[in-house]
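Read through the structure below, which is laid out as structure tokens, and then see the notes.
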Amino acid sequence: MGKRVGIEVSLAVSHAVMLADVDVIAAYPITPQTHIVEHLSELVADGLLDAEFIPVESEHSAMSTSVGASAAGARTFTATSSQGLALMVEIMYIASSLRLPIVMAVANRALSGPISIWNDHGDMMLSRDTGWIQTVAENGQEVFDLVLHAYRVAEDPRVMLPMIVNLDGFTLSHMIEPIEFLSQEEVNKYLRPYRAPIRMDPENPITMGPVGMPEVYTEAKKAQDEALKNSKKVIIEAWKEFGDLFGRYYSPVETYRMEDAETAILILGSLAETAMTAVDKMRDKGKKVGIIRPRLFRPFPADEIVEAVKNVKNLAVIDRAVALNGMGGPLSFEIRSVLYDANLHPYLKNYIAGLGGRDVTVDDFSDIVSDIESCAQKGVKPEYTIVNVRE
Amino acid sequence: MIEIRLHGRGGQGGVTSAELTALAAIEEGKYAQAFPSFGPERRGAPVMAFVRVSEERIRTREKVYEPDVVLVLDPTILKIVPVTSGLKDTGTLILNTNLPPDEIRKQLNTKVRLALVDATKIALDILRLPITNTTMLGALIKATGIVSPESLEAPLRERFGPIAEKNIQAFKAALEETVIIEE
């Protein structure tokens, strides 16, 4: 196994990108993602990573450059946050429809306004329907591993889709913690050199991204939708292979102390760890409570969520973003949709928490569990709520 | 698990102190987290940094609200920042100060265990700069034994390169000179 080191998680992302031996990095700095590309530019300048580092004038250009590089057959990386992601979105749709296996790290940050540089999942939700595969990390080790996994999946000839690795901005990106690195030899066993099946080549000119007339647009979107759905088995297969090689196994949905849980907290990202401490404390007092954490966000792991939820009485869905439509948080809609199709009817209440860097504490999770259990017992209509609002 | 909150001013290296402590703990095979008070970095403004060290995997991402240890790099912030806020009664307050313990107890109205060192003087003598972050690491180790002094030397050398020797000297001076006053 590789060496266990203490390192800022952002730098561990850069290290994983170096081990993936990328060819092109196009990026524009934005907080809290900045340290990732900053360190990559150092690795390139120091000659440790043989790649083209292209500093661009905006995130729109970063994504456009990534599309060009990937279309030419280069293994490509970029990273961003929040407004930067918002600026990329136009081209993100093009990257996915062109089936270009770009990998991007998103250090999740709130969307403006008011301007906030701090963590929530507004940007993740903004990009949820762009056709990119998305995973969500819980800790630094997972971020490191998921970056390598992303290249393995994205470039698989059965997949050929761009992929995002989400990590909570600051809460994770700026944390120093122990991470077990893999050596180059180990990574080489997992990642083969990238060979684009079709690429831009002056010797063999082709057209990429022509207009989709009404005769083909529907078929093109159907094909893209199928590709995203079918990617799931490759995602799982690539995690299995990673585990067989390095001993760390991952799955689309992680559960924690769910064996006999009556109440479950469902949450994405690093705050699941805070929830774990809350669950341990509540378990000590005899409360039957557990955690469900989707690690795979796109394609949405519906079957695994149904499996995890099926015996639960109360389901507290924690959203780290608001969807301003008067109906609650975006994750809650997806969970409801999955449960409806599975004919499951737990008492589901949506809690919107940790917006724009507001801390979510161990006690907050205990309060959420108490609240949902009390609401369920009283039989009140479960209306979504934004927690910890100062009156 | 031991939780530490560091207070200083932007640019004084409090975040570096936090990082080096975590790196030394991880080097010893322990689990650790180090993180700044998230946000824009502002030179001269009061800032905080946090460390957690544990024998077991750390499973929380919340900020540190009830620290076991509070470490203050800069004596001038004692009057403007409530440094003892949330500090456990059983905790330790580590200060860079030239004031006597009684004066500190009176000024901060606290009965906790104190660890005092005139780190500014040590830093000026050895580093010729009033930058106390590495000096205060000596006080932290003396007061808590959270990591061994040897474990800190490697990260100090890596971080400070050509000026590492002087910083290690300041660190060791504080290790000697820090005075512990039990509650």
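Chain identifiers are assigned as A, B, and so on, following the order in which chains appear in the structure tokens; residues are numbered from 1 within each chain, and ligands are numbered from 1 in order of appearance.
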
Q | Distance query Thr134 (chain B) at most 9 Å, only C-alpha atoms, self and fewer than 3 positions along chain excluded, as a ChimeraX atom specification | A | /B:13-14,16-17,123,131,137-138,156,167-168,170-171

Go ahead and write the selection's residues with C-alpha atoms as a tab-separated table (two decimals), in the first residue's frame.
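As a result, out_4.tsv now contains:
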```
chain	number	residue	atom	x	y	z
B	13	GLY	CA	1.30	31.79	10.99
B	14	GLY	CA	-1.43	30.41	13.23
B	16	THR	CA	0.79	26.93	9.86
B	17	SER	CA	1.02	26.05	13.56
B	123	ALA	CA	11.09	35.13	18.52
B	131	ILE	CA	6.46	35.91	14.42
B	137	LEU	CA	4.42	25.21	19.16
B	138	GLY	CA	7.06	24.66	21.84
B	156	LEU	CA	9.22	22.14	10.60
B	167	ASN	CA	12.62	28.11	14.00
B	168	ILE	CA	13.52	24.82	15.65
B	170	ALA	CA	12.87	29.10	18.93
B	171	PHE	CA	10.58	26.08	19.30
```

(Q) Residues near Met88 (chain A), anyone? I mean within 6 Å using only C-alpha atoms, not counting same-chain ones fewer than 5 positions away, as a VMD selection string. (A) chain A and resid 59 to 60 63

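The environment of Ile58 (chain B) within 8 Å, counting only C-alpha atoms and disregarding residues fewer than 4 places along the same chain, consists of Tyr31, Ala32, Gln33 and Ser54 of chain B.
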
Now that the selection is made, can you save its residues with C-alpha atoms as a PDB file, in the first residue's frame?
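That gives us selection31.pdb:
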```pdb
ATOM      1  CA  TYR B  31      -5.639  10.803  13.267  1.00  0.00           C
ATOM      2  CA  ALA B  32      -5.777  14.571  12.965  1.00  0.00           C
ATOM      3  CA  GLN B  33      -7.556  17.459  11.290  1.00  0.00           C
ATOM      4  CA  SER B  54      -7.314  11.524  18.107  1.00  0.00           C
TER       5      SER B  54
END
```

Q: Please provide the set of residues having any atom within 10 Å of region 64-75 of chain B, restricted to only C-alpha atoms, with same-chain residues fewer than 6 positions apart removed, written as number ranges by chain.
A: A: 361; B: 1-9, 12-14, 17, 46, 48-52, 83-99, 113-116, 118-120, 130-137, 139-140, 143-144

Q) Could you list, as a ChimeraX atom specification, every residue of chain B that has an atom within 12 Å of an atom of chain A, counting only C-alpha atoms? A) /B:15-16,18-41,49-54,56-65,155

For C-alpha atoms, I'd like the residues from the last selection saved as a tab-separated table (two decimals), in the first residue's frame.
```tsv
chain	number	residue	atom	x	y	z
B	15	VAL	CA	-2.72	28.27	10.39
B	16	THR	CA	0.79	26.93	9.86
B	18	ALA	CA	-2.24	24.15	13.27
B	19	GLU	CA	-1.07	22.34	10.15
B	20	LEU	CA	2.30	21.37	11.60
B	21	THR	CA	0.67	19.97	14.73
B	22	ALA	CA	-1.69	17.85	12.64
B	23	LEU	CA	1.12	16.69	10.36
B	24	ALA	CA	3.23	15.64	13.35
B	25	ALA	CA	0.29	13.73	14.85
B	26	ILE	CA	-0.41	11.97	11.55
B	27	GLU	CA	3.29	11.16	11.27
B	28	GLU	CA	2.96	9.45	14.67
B	29	GLY	CA	0.18	7.30	13.23
B	30	LYS	CA	-2.62	9.21	14.90
B	31	TYR	CA	-5.64	10.80	13.27
B	32	ALA	CA	-5.78	14.57	12.96
B	33	GLN	CA	-7.56	17.46	11.29
B	34	ALA	CA	-6.28	21.00	10.88
B	35	PHE	CA	-8.30	23.78	9.34
B	36	PRO	CA	-8.44	27.56	9.23
B	37	SER	CA	-11.43	29.73	10.04
B	38	PHE	CA	-12.76	29.55	6.51
B	39	GLY	CA	-12.90	32.72	4.52
B	40	PRO	CA	-10.84	35.45	2.98
B	41	GLU	CA	-7.39	35.79	4.51
B	49	ALA	CA	-7.30	27.95	13.27
B	50	PHE	CA	-8.32	24.57	14.61
B	51	VAL	CA	-6.74	21.19	15.27
B	52	ARG	CA	-8.19	17.86	16.30
B	53	VAL	CA	-5.97	14.96	17.30
B	54	SER	CA	-7.31	11.52	18.11
B	56	GLU	CA	-9.32	6.95	16.47
B	57	ARG	CA	-10.71	8.04	13.13
B	58	ILE	CA	-12.23	11.51	13.46
B	59	ARG	CA	-15.82	11.65	12.32
B	60	THR	CA	-16.98	15.22	12.53
B	61	ARG	CA	-16.78	18.26	10.31
B	62	GLU	CA	-18.21	20.80	12.72
B	63	LYS	CA	-16.11	23.66	13.99
B	64	VAL	CA	-14.46	23.43	17.38
B	65	TYR	CA	-16.84	24.94	19.93
B	155	PRO	CA	7.45	19.02	9.30
```

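Using only C-alpha atoms, the smallest distance between any of A:Ile265, A:Val306, A:Val322, A:Ala95 and Lys349 (chain A) comes from A:Ile265.
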
Identify all residues of region 290-377 of chain A in alpha helix (DSSP H) (DSSP on the backbone) and supply them as an mmCIF file with C-alpha atoms, in the first residue's frame.
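Output contents, as saved in states_24.cif:
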```cif
data_model
loop_
_atom_site.group_PDB
_atom_site.id
_atom_site.type_symbol
_atom_site.label_atom_id
_atom_site.label_comp_id
_atom_site.auth_asym_id
_atom_site.auth_seq_id
_atom_site.Cartn_x
_atom_site.Cartn_y
_atom_site.Cartn_z
ATOM 1 C CA ALA A 302 -32.482 4.606 -7.252
ATOM 2 C CA ASP A 303 -32.355 0.847 -6.581
ATOM 3 C CA GLU A 304 -29.751 1.187 -3.835
ATOM 4 C CA ILE A 305 -31.732 3.978 -2.184
ATOM 5 C CA VAL A 306 -34.905 1.887 -2.200
ATOM 6 C CA GLU A 307 -32.967 -0.989 -0.657
ATOM 7 C CA ALA A 308 -31.586 1.271 2.082
ATOM 8 C CA VAL A 309 -34.894 2.990 2.834
ATOM 9 C CA PRO A 330 -33.731 19.376 -4.808
ATOM 10 C CA LEU A 331 -32.533 16.115 -3.257
ATOM 11 C CA SER A 332 -35.898 15.629 -1.577
ATOM 12 C CA PHE A 333 -37.710 15.671 -4.941
ATOM 13 C CA GLU A 334 -35.467 12.951 -6.286
ATOM 14 C CA ILE A 335 -35.866 10.786 -3.204
ATOM 15 C CA ARG A 336 -39.665 11.199 -3.260
ATOM 16 C CA SER A 337 -39.699 10.251 -6.912
ATOM 17 C CA VAL A 338 -37.696 7.097 -6.245
ATOM 18 C CA LEU A 339 -39.900 6.106 -3.292
ATOM 19 C CA TYR A 340 -43.138 6.723 -5.180
ATOM 20 C CA ASP A 341 -42.078 4.331 -7.906
ATOM 21 C CA VAL A 362 -23.588 17.116 15.839
ATOM 22 C CA ASP A 363 -26.393 18.605 17.938
ATOM 23 C CA ASP A 364 -28.171 19.864 14.811
ATOM 24 C CA PHE A 365 -28.395 16.288 13.536
ATOM 25 C CA SER A 366 -29.750 15.093 16.896
ATOM 26 C CA ASP A 367 -32.322 17.905 16.796
ATOM 27 C CA ILE A 368 -33.367 16.915 13.286
ATOM 28 C CA VAL A 369 -33.924 13.313 14.394
ATOM 29 C CA SER A 370 -35.921 14.447 17.439
ATOM 30 C CA ASP A 371 -37.978 16.747 15.250
ATOM 31 C CA ILE A 372 -38.871 14.175 12.620
ATOM 32 C CA GLU A 373 -39.753 11.558 15.240
ATOM 33 C CA SER A 374 -41.963 14.019 17.062
ATOM 34 C CA CYS A 375 -43.637 15.244 13.839
ATOM 35 C CA ALA A 376 -44.257 11.668 12.713
ATOM 36 C CA GLN A 377 -45.745 10.739 16.062
#
```

Q) So which residues of region 270-333 of chain A fall under strand (DSSP E) by DSSP, listed as a list in words? A)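 Of region 270-333 of chain A, only Val289, Gly290, Ile291, Ile292, Arg293, Pro294, Leu296, Phe297, Arg298, Asn314, Leu315, Ala316, Val317, Ile318 and Asp319 of chain A fall in strand (DSSP E).
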
Q | Length of the CA of Met258 (chain A) to CA of Leu245 (chain A) vector [Å] | A |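 Pair CA of Met258 (chain A) / CA of Leu245 (chain A) returns 27.8 Å.
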
Q) Which one of A:Gln83, A:Leu148, A:Glu90, A:Leu344 sits closest to Ile115 (chain A) if you count only C-alpha atoms? A)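 Among the listed residues, the smallest separation from Ile115 (chain A) belongs to A:Gln83.
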
Q) Can you tell me how far CA of Ala74 (chain A) sits from CA of Asp23 (chain A), in Å to one decimal? A)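 One can read the CA of Ala74 (chain A) to CA of Asp23 (chain A) distance as 5.5 Å.
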
Q. To one decimal place, how far is CA of Arg192 (chain A) from CA of Leu11 (chain A) in Å?
A.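 CA of Leu11 (chain A) lies at a distance of 23.0 Å from CA of Arg192 (chain A).
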
Q | Who sits within 6 Å of Thr76 (chain A), only C-alpha atoms, same chain under 2 positions skipped, as a list of chain:residue names | A | A:Val22, A:Val24, A:Ile25, A:Ser70, A:Ala74, A:Ile102
